[in-house]
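A.B. asks: Dropping in input.pdb, with PDB, C-alpha atoms and all ligand atoms.
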ATOM      1  CA  MET C   1      -6.599  30.066 -10.002
ATOM      2  CA  LYS C   2      -4.305  28.893 -12.734
ATOM      3  CA  GLN C   3      -5.708  28.007 -16.161
ATOM      4  CA  GLU C   4      -6.586  24.366 -15.605
ATOM      5  CA  MET C   5      -6.162  23.846 -11.878
ATOM      6  CA  MET C   6      -6.742  25.589  -8.548
ATOM      7  CA  TYR C   7      -4.172  26.062  -5.820
ATOM      8  CA  VAL C   8      -5.417  27.033  -2.362
ATOM      9  CA  VAL C   9      -3.618  27.038   0.995
ATOM     10  CA  ASN C  10      -5.823  26.857   4.067
ATOM     11  CA  ASP C  11      -4.900  25.944   7.638
ATOM     12  CA  GLN C  12      -1.439  24.742   6.505
ATOM     13  CA  VAL C  13      -2.944  22.419   3.870
ATOM     14  CA  ALA C  14      -2.273  23.114   0.173
ATOM     15  CA  THR C  15      -5.100  21.758  -1.967
ATOM     16  CA  LEU C  16      -4.352  21.270  -5.653
ATOM     17  CA  THR C  17      -7.573  20.768  -7.608
ATOM     18  CA  LEU C  18      -7.518  19.535 -11.203
ATOM     19  CA  ALA C  19     -10.086  21.750 -12.866
ATOM     20  CA  ARG C  20     -11.259  20.405 -16.246
ATOM     21  CA  PRO C  21     -14.467  18.847 -14.931
ATOM     22  CA  LYS C  22     -16.164  18.458 -18.335
ATOM     23  CA  GLN C  23     -13.295  16.194 -19.426
ATOM     24  CA  LEU C  24     -13.148  14.422 -16.043
ATOM     25  CA  ASN C  25      -9.958  16.420 -15.418
ATOM     26  CA  ALA C  26      -8.086  14.662 -18.211
ATOM     27  CA  LEU C  27      -4.467  15.812 -18.234
ATOM     28  CA  THR C  28      -3.090  18.242 -20.816
ATOM     29  CA  SER C  29       0.452  19.578 -21.119
ATOM     30  CA  THR C  30      -0.810  22.890 -19.651
ATOM     31  CA  LEU C  31      -2.392  21.164 -16.677
ATOM     32  CA  LEU C  32       0.712  19.065 -16.062
ATOM     33  CA  GLU C  33       2.961  22.143 -16.180
ATOM     34  CA  GLU C  34       0.674  23.959 -13.769
ATOM     35  CA  LEU C  35       0.626  20.947 -11.482
ATOM     36  CA  ALA C  36       4.424  20.708 -11.436
ATOM     37  CA  ALA C  37       4.674  24.432 -10.620
ATOM     38  CA  ALA C  38       2.053  24.202  -7.873
ATOM     39  CA  LEU C  39       3.790  21.204  -6.310
ATOM     40  CA  GLU C  40       7.090  23.065  -6.387
ATOM     41  CA  GLU C  41       5.411  26.011  -4.650
ATOM     42  CA  ALA C  42       3.826  23.776  -1.982
ATOM     43  CA  ASN C  43       7.071  21.874  -1.423
ATOM     44  CA  GLN C  44       9.009  25.140  -0.929
ATOM     45  CA  ASP C  45       6.459  26.950   1.262
ATOM     46  CA  ASP C  46       7.177  26.453   4.983
ATOM     47  CA  ALA C  47       3.591  27.417   5.780
ATOM     48  CA  VAL C  48       2.380  24.280   3.940
ATOM     49  CA  ARG C  49       2.472  21.096   6.019
ATOM     50  CA  VAL C  50       0.274  18.814   3.877
ATOM     51  CA  ILE C  51      -0.438  18.555   0.144
ATOM     52  CA  VAL C  52      -3.826  17.322  -1.093
ATOM     53  CA  LEU C  53      -4.460  16.463  -4.753
ATOM     54  CA  THR C  54      -8.085  16.225  -5.853
ATOM     55  CA  GLY C  55     -10.412  16.838  -8.809
ATOM     56  CA  GLU C  56     -13.297  19.185  -9.543
ATOM     57  CA  GLY C  57     -16.697  17.710 -10.437
ATOM     58  CA  ARG C  58     -17.621  14.044 -10.642
ATOM     59  CA  GLY C  59     -14.204  12.725 -11.700
ATOM     60  CA  PHE C  60     -10.775  12.699 -10.110
ATOM     61  CA  CYS C  61      -8.805  12.328 -13.364
ATOM     62  CA  ALA C  62      -9.376  10.327 -16.556
ATOM     63  CA  GLY C  63      -5.663  10.204 -17.399
ATOM     64  CA  GLN C  64      -4.043  11.778 -20.425
ATOM     65  CA  ASP C  65      -6.436  13.904 -22.512
ATOM     66  CA  LEU C  66      -6.701  11.616 -25.510
ATOM     67  CA  LYS C  67      -8.312  14.305 -27.641
ATOM     68  CA  THR C  68      -5.366  16.696 -27.509
ATOM     69  CA  VAL C  69      -2.497  14.339 -28.350
ATOM     70  CA  SER C  70      -1.361  14.311 -31.959
ATOM     71  CA  PRO C  71      -0.717  10.949 -33.679
ATOM     72  CA  GLU C  72       2.875  12.115 -34.295
ATOM     73  CA  LEU C  73       3.519  12.549 -30.577
ATOM     74  CA  ASP C  74       6.495  10.677 -29.144
ATOM     75  CA  HIS C  75       4.969   9.363 -25.923
ATOM     76  CA  GLY C  76       8.358   8.875 -24.293
ATOM     77  CA  GLU C  77       9.355  12.498 -24.822
ATOM     78  CA  TYR C  78       5.954  13.662 -23.600
ATOM     79  CA  LEU C  79       6.330  11.611 -20.421
ATOM     80  CA  HIS C  80       9.815  12.967 -19.822
ATOM     81  CA  GLN C  81       8.763  16.587 -20.363
ATOM     82  CA  TYR C  82       5.346  16.742 -18.692
ATOM     83  CA  TYR C  83       4.631  13.750 -16.427
ATOM     84  CA  HIS C  84       7.932  12.959 -14.791
ATOM     85  CA  PRO C  85       8.403  16.357 -13.105
ATOM     86  CA  VAL C  86       4.986  15.878 -11.468
ATOM     87  CA  VAL C  87       5.731  12.301 -10.394
ATOM     88  CA  ARG C  88       9.079  13.360  -8.912
ATOM     89  CA  ALA C  89       7.596  16.369  -7.106
ATOM     90  CA  LEU C  90       4.968  14.141  -5.474
ATOM     91  CA  ALA C  91       7.199  11.174  -4.700
ATOM     92  CA  LYS C  92      10.118  13.208  -3.373
ATOM     93  CA  SER C  93       8.036  15.652  -1.378
ATOM     94  CA  LYS C  94       9.164  15.885   2.251
ATOM     95  CA  LYS C  95       5.584  16.731   3.225
ATOM     96  CA  PRO C  96       2.739  14.235   3.511
ATOM     97  CA  THR C  97       0.793  13.947   0.254
ATOM     98  CA  VAL C  98      -2.833  12.853   0.024
ATOM     99  CA  ALA C  99      -4.738  11.907  -3.138
ATOM    100  CA  ALA C 100      -8.402  12.653  -2.415
ATOM    101  CA  ILE C 101      -9.933  10.504  -5.152
ATOM    102  CA  ASN C 102     -13.358  12.108  -5.469
ATOM    103  CA  GLY C 103     -14.429  10.095  -8.540
ATOM    104  CA  VAL C 104     -13.126   7.991 -11.400
ATOM    105  CA  ALA C 105      -9.305   7.701 -11.607
ATOM    106  CA  ALA C 106      -8.016   6.162 -14.843
ATOM    107  CA  GLY C 107      -4.676   5.786 -16.619
ATOM    108  CA  ALA C 108      -2.135   8.368 -15.579
ATOM    109  CA  GLY C 109      -4.793   9.842 -13.269
ATOM    110  CA  LEU C 110      -4.478   6.707 -11.147
ATOM    111  CA  SER C 111      -0.694   6.663 -11.580
ATOM    112  CA  LEU C 112      -0.345  10.111  -9.981
ATOM    113  CA  THR C 113      -2.219   8.918  -6.893
ATOM    114  CA  LEU C 114       0.276   6.066  -6.502
ATOM    115  CA  ALA C 115       3.077   8.580  -6.001
ATOM    116  CA  CYS C 116       1.180  10.028  -3.010
ATOM    117  CA  ASP C 117       1.490   8.796   0.568
ATOM    118  CA  PHE C 118      -2.256   8.278   1.058
ATOM    119  CA  ARG C 119      -5.226   7.533  -1.201
ATOM    120  CA  LEU C 120      -8.629   8.450   0.229
ATOM    121  CA  VAL C 121     -11.282   7.091  -2.112
ATOM    122  CA  HIS C 122     -14.871   8.267  -2.519
ATOM    123  CA  ALA C 123     -17.195   5.298  -1.974
ATOM    124  CA  GLU C 124     -18.505   5.522  -5.542
ATOM    125  CA  ALA C 125     -15.183   6.139  -7.282
ATOM    126  CA  THR C 126     -13.745   3.550  -9.645
ATOM    127  CA  LEU C 127     -10.076   2.988 -10.388
ATOM    128  CA  SER C 128      -8.472   1.593 -13.508
ATOM    129  CA  LEU C 129      -4.980   1.575 -14.984
ATOM    130  CA  GLY C 130      -6.634   1.314 -18.383
ATOM    131  CA  PHE C 131      -3.420   1.793 -20.390
ATOM    132  CA  ILE C 132      -3.666  -1.702 -21.904
ATOM    133  CA  ASN C 133      -7.131  -0.853 -23.248
ATOM    134  CA  ILE C 134      -5.567   1.746 -25.538
ATOM    135  CA  GLY C 135      -2.409  -0.244 -26.282
ATOM    136  CA  LEU C 136       0.008   1.544 -23.960
ATOM    137  CA  VAL C 137       2.198   0.441 -21.072
ATOM    138  CA  PRO C 138       1.366   1.819 -17.609
ATOM    139  CA  ASP C 139       3.371   4.996 -17.006
ATOM    140  CA  ALA C 140       3.703   8.121 -14.853
ATOM    141  CA  GLY C 141       5.358   6.047 -12.123
ATOM    142  CA  ALA C 142       2.797   3.201 -12.009
ATOM    143  CA  PRO C 143       5.301   0.447 -12.956
ATOM    144  CA  TYR C 144       7.462   1.556 -10.020
ATOM    145  CA  PHE C 145       4.831   2.176  -7.367
ATOM    146  CA  LEU C 146       2.106  -0.377  -8.040
ATOM    147  CA  PRO C 147       4.073  -3.627  -7.418
ATOM    148  CA  ARG C 148       5.544  -2.055  -4.288
ATOM    149  CA  LEU C 149       2.130  -1.064  -2.986
ATOM    150  CA  ILE C 150       0.094  -4.180  -3.755
ATOM    151  CA  GLY C 151       2.598  -6.881  -4.770
ATOM    152  CA  ALA C 152       3.641  -8.181  -8.164
ATOM    153  CA  ALA C 153       0.732 -10.586  -8.751
ATOM    154  CA  LYS C 154      -2.074  -8.053  -8.351
ATOM    155  CA  ALA C 155      -0.098  -5.305 -10.067
ATOM    156  CA  THR C 156       0.378  -7.592 -13.079
ATOM    157  CA  GLU C 157      -3.329  -8.441 -13.084
ATOM    158  CA  LEU C 158      -4.410  -4.795 -13.032
ATOM    159  CA  ALA C 159      -1.845  -3.824 -15.673
ATOM    160  CA  LEU C 160      -2.505  -6.673 -18.116
ATOM    161  CA  LEU C 161      -6.280  -6.965 -17.750
ATOM    162  CA  GLY C 162      -6.973  -3.243 -17.331
ATOM    163  CA  ASP C 163      -9.862  -4.067 -15.009
ATOM    164  CA  THR C 164     -11.825  -1.394 -13.209
ATOM    165  CA  ILE C 165     -11.981  -1.808  -9.443
ATOM    166  CA  SER C 166     -14.285  -0.293  -6.820
ATOM    167  CA  ALA C 167     -13.259   1.724  -3.774
ATOM    168  CA  GLU C 168     -13.987  -1.326  -1.631
ATOM    169  CA  GLU C 169     -11.694  -3.544  -3.714
ATOM    170  CA  ALA C 170      -9.013  -0.854  -3.643
ATOM    171  CA  VAL C 171      -9.040  -0.933   0.164
ATOM    172  CA  SER C 172      -8.920  -4.722   0.252
ATOM    173  CA  LEU C 173      -5.859  -4.639  -2.051
ATOM    174  CA  ASN C 174      -4.150  -2.062   0.186
ATOM    175  CA  LEU C 175      -4.219   0.273  -2.800
ATOM    176  CA  ALA C 176      -6.500   2.725  -1.015
ATOM    177  CA  THR C 177      -5.865   3.998   2.488
ATOM    178  CA  ARG C 178      -9.586   4.494   3.215
ATOM    179  CA  ARG C 179     -12.951   4.376   1.488
ATOM    180  CA  LEU C 180     -14.962   7.450   2.451
ATOM    181  CA  GLU C 181     -18.752   7.631   2.338
ATOM    182  CA  ALA C 182     -20.069  10.039  -0.284
ATOM    183  CA  ASP C 183     -21.871  12.302   2.223
ATOM    184  CA  HIS C 184     -18.755  12.785   4.346
ATOM    185  CA  PHE C 185     -16.071  12.764   1.658
ATOM    186  CA  GLU C 186     -14.980  16.402   1.794
ATOM    187  CA  ALA C 187     -15.268  16.693   5.583
ATOM    188  CA  GLU C 188     -13.268  13.513   6.123
ATOM    189  CA  VAL C 189     -10.563  14.531   3.651
ATOM    190  CA  LYS C 190     -10.298  17.850   5.476
ATOM    191  CA  ALA C 191     -10.105  16.175   8.900
ATOM    192  CA  PHE C 192      -7.513  13.668   7.645
ATOM    193  CA  ALA C 193      -5.361  16.428   6.140
ATOM    194  CA  GLN C 194      -5.693  18.554   9.266
ATOM    195  CA  GLY C 195      -4.639  15.610  11.423
ATOM    196  CA  LEU C 196      -1.512  15.264   9.294
ATOM    197  CA  ALA C 197      -0.812  19.006   9.450
ATOM    198  CA  ASN C 198      -0.743  18.779  13.238
ATOM    199  CA  ARG C 199       1.983  16.135  13.243
ATOM    200  CA  PRO C 200       5.777  16.716  13.397
ATOM    201  CA  THR C 201       6.216  17.715   9.744
ATOM    202  CA  LYS C 202       9.997  17.756   9.684
ATOM    203  CA  VAL C 203      10.124  14.259  11.137
ATOM    204  CA  ILE C 204       7.540  13.099   8.586
ATOM    205  CA  GLY C 205      10.019  14.209   5.919
ATOM    206  CA  TYR C 206      12.741  12.139   7.581
ATOM    207  CA  ILE C 207      10.476   9.075   7.784
ATOM    208  CA  LYS C 208       9.623   9.385   4.107
ATOM    209  CA  GLN C 209      13.261   9.682   3.056
ATOM    210  CA  LEU C 210      14.260   6.773   5.278
ATOM    211  CA  GLN C 211      11.538   4.476   3.960
ATOM    212  CA  ALA C 212      12.288   5.412   0.352
ATOM    213  CA  ALA C 213      15.941   4.510   0.968
ATOM    214  CA  SER C 214      14.942   0.947   1.935
ATOM    215  CA  TYR C 215      14.355   0.092  -1.740
ATOM    216  CA  GLU C 216      17.985   0.717  -2.589
ATOM    217  CA  ASN C 217      19.875  -0.410   0.515
ATOM    218  CA  ASN C 218      20.706  -3.584   2.407
ATOM    219  CA  LEU C 219      20.185  -4.030   6.164
ATOM    220  CA  GLU C 220      23.576  -2.626   7.198
ATOM    221  CA  GLU C 221      23.105   0.411   4.973
ATOM    222  CA  MET C 222      19.625   0.966   6.389
ATOM    223  CA  LEU C 223      20.885   0.676   9.978
ATOM    224  CA  ALA C 224      23.395   3.388   9.086
ATOM    225  CA  GLN C 225      20.627   5.514   7.579
ATOM    226  CA  GLU C 226      18.420   5.226  10.659
ATOM    227  CA  ILE C 227      21.308   6.462  12.809
ATOM    228  CA  ILE C 228      21.518   9.576  10.632
ATOM    229  CA  TYR C 229      17.787  10.296  10.560
ATOM    230  CA  GLN C 230      17.128   9.501  14.235
ATOM    231  CA  SER C 231      19.966  11.775  15.181
ATOM    232  CA  ARG C 232      18.296  14.558  13.171
ATOM    233  CA  ALA C 233      14.832  13.769  14.539
ATOM    234  CA  GLY C 234      16.175  13.841  18.087
ATOM    235  CA  LYS C 235      17.322  17.422  17.565
ATOM    236  CA  THR C 236      13.949  18.740  16.381
ATOM    237  CA  GLU C 237      11.880  21.177  18.396
ATOM    238  CA  ASP C 238       8.914  18.823  18.067
ATOM    239  CA  HIS C 239      10.752  15.873  19.603
ATOM    240  CA  ARG C 240      12.002  17.910  22.567
ATOM    241  CA  HIS C 241       8.585  19.419  23.125
ATOM    242  CA  ALA C 242       6.857  15.997  22.898
ATOM    243  CA  VAL C 243       9.120  14.508  25.570
ATOM    244  CA  GLU C 244       8.564  17.507  27.872
ATOM    245  CA  SER C 245       4.825  17.240  27.268
ATOM    246  CA  PHE C 246       4.876  13.534  28.103
ATOM    247  CA  ILE C 247       6.651  14.179  31.397
ATOM    248  CA  GLU C 248       4.238  17.002  32.245
ATOM    249  CA  LYS C 249       1.272  14.815  31.205
ATOM    250  CA  LYS C 250       0.250  17.360  28.561
ATOM    251  CA  ARG C 251      -0.788  16.877  24.950
ATOM    252  CA  PRO C 252       2.028  18.029  22.624
ATOM    253  CA  VAL C 253       1.389  20.715  20.024
ATOM    254  CA  PHE C 254       3.685  20.069  17.067
ATOM    255  CA  VAL C 255       4.988  23.061  15.132
ATOM    256  CA  GLY C 256       6.624  21.058  12.340
ATOM    257  CA  ARG C 257      10.217  22.019  13.150
TER     258      ARG C 257
HETATM  259  O1  LIG E   1       2.378  10.393 -23.720
HETATM  260  C1  LIG E   1       1.286   9.945 -23.470
HETATM  261  O2  LIG E   1       0.252  10.322 -23.980
HETATM  262  C2  LIG E   1       1.293   8.810 -22.538
HETATM  263  C3  LIG E   1       0.395   9.028 -21.394
HETATM  264  C4  LIG E   1      -0.687   8.225 -21.279
HETATM  265  C5  LIG E   1      -1.322   8.274 -20.004
HETATM  266  C6  LIG E   1      -2.744   7.786 -19.934
HETATM  267  O3  LIG E   1      -3.390   8.264 -19.059
HETATM  268  S1  LIG E   1      -3.370   6.622 -20.997
HETATM  269  C7  LIG E   1      -5.047   6.437 -20.413
HETATM  270  C8  LIG E   1      -5.946   7.551 -20.876
HETATM  271  N1  LIG E   1      -7.263   7.471 -20.289
HETATM  272  C9  LIG E   1      -8.192   6.590 -20.670
HETATM  273  O4  LIG E   1      -7.986   5.723 -21.516
HETATM  274  C10 LIG E   1      -9.568   6.741 -20.044
HETATM  275  C11 LIG E   1     -10.551   7.262 -21.085
HETATM  276  N2  LIG E   1     -11.834   7.534 -20.455
HETATM  277  C12 LIG E   1     -12.703   6.570 -20.126
HETATM  278  O5  LIG E   1     -12.474   5.385 -20.323
HETATM  279  C13 LIG E   1     -14.012   6.994 -19.521
HETATM  280  O6  LIG E   1     -14.235   8.333 -19.849
HETATM  281  C14 LIG E   1     -14.000   6.862 -17.956
HETATM  282  C15 LIG E   1     -14.025   5.365 -17.582
HETATM  283  C16 LIG E   1     -12.783   7.524 -17.336
HETATM  284  C17 LIG E   1     -15.279   7.535 -17.386
HETATM  285  O7  LIG E   1     -16.418   7.076 -18.083
HETATM  286  P1  LIG E   1     -17.799   7.840 -17.915
HETATM  287  O8  LIG E   1     -18.818   7.039 -18.640
HETATM  288  O9  LIG E   1     -18.042   8.128 -16.467
HETATM  289  O10 LIG E   1     -17.609   9.278 -18.595
HETATM  290  P2  LIG E   1     -17.516   9.593 -20.167
HETATM  291  O11 LIG E   1     -18.858   9.912 -20.702
HETATM  292  O12 LIG E   1     -16.727   8.545 -20.875
HETATM  293  O13 LIG E   1     -16.605  10.929 -20.140
HETATM  294  C18 LIG E   1     -17.156  12.204 -19.845
HETATM  295  C19 LIG E   1     -16.488  13.210 -20.777
HETATM  296  O14 LIG E   1     -15.080  13.216 -20.493
HETATM  297  C20 LIG E   1     -16.621  12.811 -22.248
HETATM  298  O15 LIG E   1     -16.685  14.000 -23.001
HETATM  299  P3  LIG E   1     -17.982  14.340 -23.901
HETATM  300  O16 LIG E   1     -18.198  13.191 -24.813
HETATM  301  O17 LIG E   1     -19.099  14.487 -22.880
HETATM  302  O18 LIG E   1     -17.629  15.617 -24.575
HETATM  303  C21 LIG E   1     -15.316  12.117 -22.523
HETATM  304  O19 LIG E   1     -14.947  12.129 -23.881
HETATM  305  C22 LIG E   1     -14.369  12.954 -21.691
HETATM  306  N3  LIG E   1     -13.160  12.177 -21.362
HETATM  307  C23 LIG E   1     -13.052  11.130 -20.532
HETATM  308  N4  LIG E   1     -11.811  10.683 -20.506
HETATM  309  C24 LIG E   1     -11.096  11.460 -21.349
HETATM  310  C25 LIG E   1     -11.968  12.411 -21.914
HETATM  311  N5  LIG E   1     -11.549  13.325 -22.783
HETATM  312  C26 LIG E   1     -10.245  13.273 -23.152
HETATM  313  N6  LIG E   1      -9.378  12.380 -22.653
HETATM  314  C27 LIG E   1      -9.750  11.474 -21.762
HETATM  315  N7  LIG E   1      -8.829  10.614 -21.226
END
Translate this file's structure into structure tokens.
Ligand code: T3D
C.D. replies:
Amino acid sequence: MKQEMMYVVNDQVATLTLARPKQLNALTSTLLEELAAALEEANQDDAVRVIVLTGEGRGFCAGQDLKTVSPELDHGEYLHQYYHPVVRALAKSKKPTVAAINGVAAGAGLSLTLACDFRLVHAEATLSLGFINIGLVPDAGAPYFLPRLIGAAKATELALLGDTISAEEAVSLNLATRRLEADHFEAEVKAFAQGLANRPTKVIGYIKQLQAASYENNLEEMLAQEIIYQSRAGKTEDHRHAVESFIEKKRPVFVGR
């Protein structure tokens, strides 16, 4: 247990739980520093094959703690110092990352989920960028990720109107991976994470790097990149084992190497 979050590794899944439930897990500089350190730990630990980010209590995260920021604060410097290390650690992780959105996600709370690979949303959770409602621009990676995830038109609508959307709407926008019924939320998050942990982890890292590269490269450059990554994937223990298993009509057990 750190001061404002919990870090637990179980069955190869690292679960990072924001733990300021009375404030709907609103983000402080302490919490953001702890989160960056925990992500670094999970990213470095070979025993971790999946990273889950969730919140304690009825909220996922209500964004920046508005009660602890001083009026003199330079928001740009604060972003650079506290938010961006967390966004980078999530977005550049070579392991699959899952935001288990157990309740309301607002402002930078929603932004952090956009840097994850998957968003599993509690049926009763609501999502809102909300920045416009307090006279700020979307941040913590949202201007980068949101148009890529849901297209420019909807991203502009959510950013400029600051509307709150339901879990159902989030799925229909392709913002959420799945809407999970309240009664099964924790069990389904666990099963989803476990399913990911049993996949070829090293190759997942390659897929993530390859797909991220598509934003910066043209077709010829991407064809060159896929040669590099497929060559690496072809040399993994998991690939060799999967082919042998196929020939022997057995189910492969992936070790992540
Ligand atoms: O450098 C920078 O600072 C830039 C970074 C900015 C990033 C951002 O995230 S900007 C966006 C900040 N977040 C918001 O504007 C959301 C503010 N919160 C809300 O609008 C509502 O609380 C929610 C819609 C999220 C949930 O509403 P509801 O009715 O379910 O709960 P509530 O009663 O409003 O909140 C429960 C408690 O949490 C309450 O405390 P109290 O009165 O019981 O002592 C409330 O004040 C507290 N809380 C909720 N959000 C925040 C918060 N405390 C501090 N900061 C918050 N963001």
A.B. asks: Here is a test: counting all atoms listed in the file, which residue of C:Ala91, C:Gly135, C:Asp46, C:Thr97 is nearest to ligand LIG 1 (chain E)?
C.D. replies: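 Among the listed residues, the smallest separation from ligand LIG 1 (chain E) belongs to C:Gly135.
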A.B. asks: Mind telling me what the PyMOL selection byres (((chain C and resi 164) around 9) and not hetatm) catches here, as a PyMOL selection string?
C.D. replies: chain C and resi 106+126-130+158+162-163+165-166
A.B. asks: Which residues are near ligand LIG 1 (chain E) in this structure, taking near to mean any atom at most 6 Å from a ligand atom and counting only C-alpha atoms and all ligand atoms? Format them as a compact mmCIF listing (two decimals) with C-alpha atoms, in the coordinates of the input.
C.D. replies:
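Written out: part15.txt:
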# COMPACT_ATOMS: atom_id res chain seq x y z
CA LYS C 22 -16.16 18.46 -18.34
CA GLN C 23 -13.30 16.19 -19.43
CA LEU C 24 -13.15 14.42 -16.04
CA ALA C 26 -8.09 14.66 -18.21
CA ALA C 62 -9.38 10.33 -16.56
CA GLY C 63 -5.66 10.20 -17.40
CA GLN C 64 -4.04 11.78 -20.42
CA ASP C 65 -6.44 13.90 -22.51
CA LEU C 66 -6.70 11.62 -25.51
CA LYS C 67 -8.31 14.30 -27.64
CA HIS C 75 4.97 9.36 -25.92
CA TYR C 78 5.95 13.66 -23.60
CA LEU C 79 6.33 11.61 -20.42
CA VAL C 104 -13.13 7.99 -11.40
CA ALA C 106 -8.02 6.16 -14.84
CA GLY C 107 -4.68 5.79 -16.62
CA ALA C 108 -2.13 8.37 -15.58
CA GLY C 130 -6.63 1.31 -18.38
CA PHE C 131 -3.42 1.79 -20.39
A.B. asks: Would you write out, as a list in words, every residue that the PyMOL selection byres (((chain C and resi 208-221) around 10) and not hetatm) captures in this file?
C.D. replies: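 So the PyMOL selection byres (((chain C and resi 208-221) around 10) and not hetatm) ends up selecting Ala91, Lys92, Ser93, Lys94, Lys95, Pro96, Asp117, Arg148, Val203, Ile204, Gly205, Tyr206, Ile207, Met222, Leu223, Ala224, Gln225, Glu226, Ile228, Tyr229 and Gln230 of chain C.
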A.B. asks: Rank nothing, just name the residue among C:Ser245, C:Asn102, C:Thr68, C:Asn133 nearest to Val189 of chain C, using all atoms listed in the file.
C.D. replies: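 Between C:Ser245, C:Asn102, C:Thr68, C:Asn133, the residue approaching Val189 of chain C most closely is C:Asn102.
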A.B. asks: Set the distance at 8 Å and use all atoms listed in the file: which residues neighbour Leu53 of chain C once local chain neighbours fewer than 6 positions away are removed? I'd like the list as a PDB file with C-alpha atoms, keeping the file's coordinate frame.
C.D. replies:
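Below is the file that was written, part.pdb:
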ATOM      1  CA  THR C  15      -5.100  21.758  -1.967  1.00  0.00           C
ATOM      2  CA  LEU C  16      -4.352  21.270  -5.653  1.00  0.00           C
ATOM      3  CA  THR C  17      -7.573  20.768  -7.608  1.00  0.00           C
ATOM      4  CA  LEU C  18      -7.518  19.535 -11.203  1.00  0.00           C
ATOM      5  CA  THR C  97       0.793  13.947   0.254  1.00  0.00           C
ATOM      6  CA  VAL C  98      -2.833  12.853   0.024  1.00  0.00           C
ATOM      7  CA  ALA C  99      -4.738  11.907  -3.138  1.00  0.00           C
ATOM      8  CA  ALA C 100      -8.402  12.653  -2.415  1.00  0.00           C
TER       9      ALA C 100
END
A.B. asks: Tell me, in Å to one decimal, how far atom CA of Gly151 of chain C is from atom CA of Leu173 of chain C.
C.D. replies: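 Between atom CA of Gly151 of chain C and atom CA of Leu173 of chain C the gap works out to 9.2 Å.
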A.B. asks: Could you check how far atom CA of Thr54 of chain C sits from atom CA of Ala105 of chain C, in Å to one decimal?
C.D. replies: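 Atom CA of Ala105 of chain C lies 10.4 Å from atom CA of Thr54 of chain C.
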A.B. asks: How many Å separate atom CA of Ala176 of chain C from atom CA of Pro200 of chain C?
C.D. replies: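 Between these atoms lies a distance of 23.5 Å.
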A.B. asks: Using all atoms listed in the file, which residues sit within 9 Å of Tyr82 of chain C once same-chain residues fewer than 6 positions away are excluded, as a ChimeraX atom specification?
C.D. replies: /C:28-30,32-33,36
A.B. asks: Go ahead and save the residues from that selection, with C-alpha atoms, as a PDB file, keeping the file's coordinate frame.
C.D. replies:
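Heads up, here's the output in again39.pdb:
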ATOM      1  CA  THR C  28      -3.090  18.242 -20.816  1.00  0.00           C
ATOM      2  CA  SER C  29       0.452  19.578 -21.119  1.00  0.00           C
ATOM      3  CA  THR C  30      -0.810  22.890 -19.651  1.00  0.00           C
ATOM      4  CA  LEU C  32       0.712  19.065 -16.062  1.00  0.00           C
ATOM      5  CA  GLU C  33       2.961  22.143 -16.180  1.00  0.00           C
ATOM      6  CA  ALA C  36       4.424  20.708 -11.436  1.00  0.00           C
TER       7      ALA C  36
END
A.B. asks: List the neighbours of Asp11 of chain C out to 9 Å using only C-alpha atoms; skip same-chain residues closer than 4 positions along the sequence, and give me the result as a ChimeraX atom specification.
C.D. replies: /C:47-49,194,197
A.B. asks: Using all atoms of segment 42-53 of chain C that appear in the file, construct an axis-aligned enclosing box with 3 Å of padding on every side and provide its centre coordinates and edge lengths in Å, rounded to one decimal, as lines of an AutoDock Vina configuration file.
C.D. replies:
center_x = 2.3
center_y = 21.9
center_z = 0.6
size_x = 19.5
size_y = 17.0
size_z = 16.8
A.B. asks: Can you give me, as a PyMOL selection string, the residues this file yields under the PyMOL selection byres (((chain C and resi 257) around 10) and not hetatm)?
C.D. replies: chain C and resi 46+200-203+233+235-239+254-256
A.B. asks: With all atoms listed in the file as the basis for distance, which of C:Leu120, C:Leu112, C:Leu27, C:Ala167 is at the shortest distance from Pro143 of chain C?
C.D. replies: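 Looking at the shortest contact to Pro143 of chain C, the residue is C:Leu112.
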A.B. asks: Of the residues C:Gly103, C:Gly141, C:Gly195, C:Pro147, which is the one nearest to Val87 of chain C, using all atoms listed in the file?
C.D. replies: C:Gly141
A.B. asks: Ranking C:Ala187, C:Leu160, C:Ala123, C:Ile150 by minimum distance to Pro138 of chain C and counting all atoms listed in the file, which one comes first?
C.D. replies: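 Between C:Ala187, C:Leu160, C:Ala123, C:Ile150, the residue approaching Pro138 of chain C most closely is C:Leu160.
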A.B. asks: Closest to Asp139 of chain C among C:Arg251, C:Arg20, C:His80, C:His241, using all atoms listed in the file?
C.D. replies: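 Looking at the shortest contact to Asp139 of chain C, the residue is C:His80.
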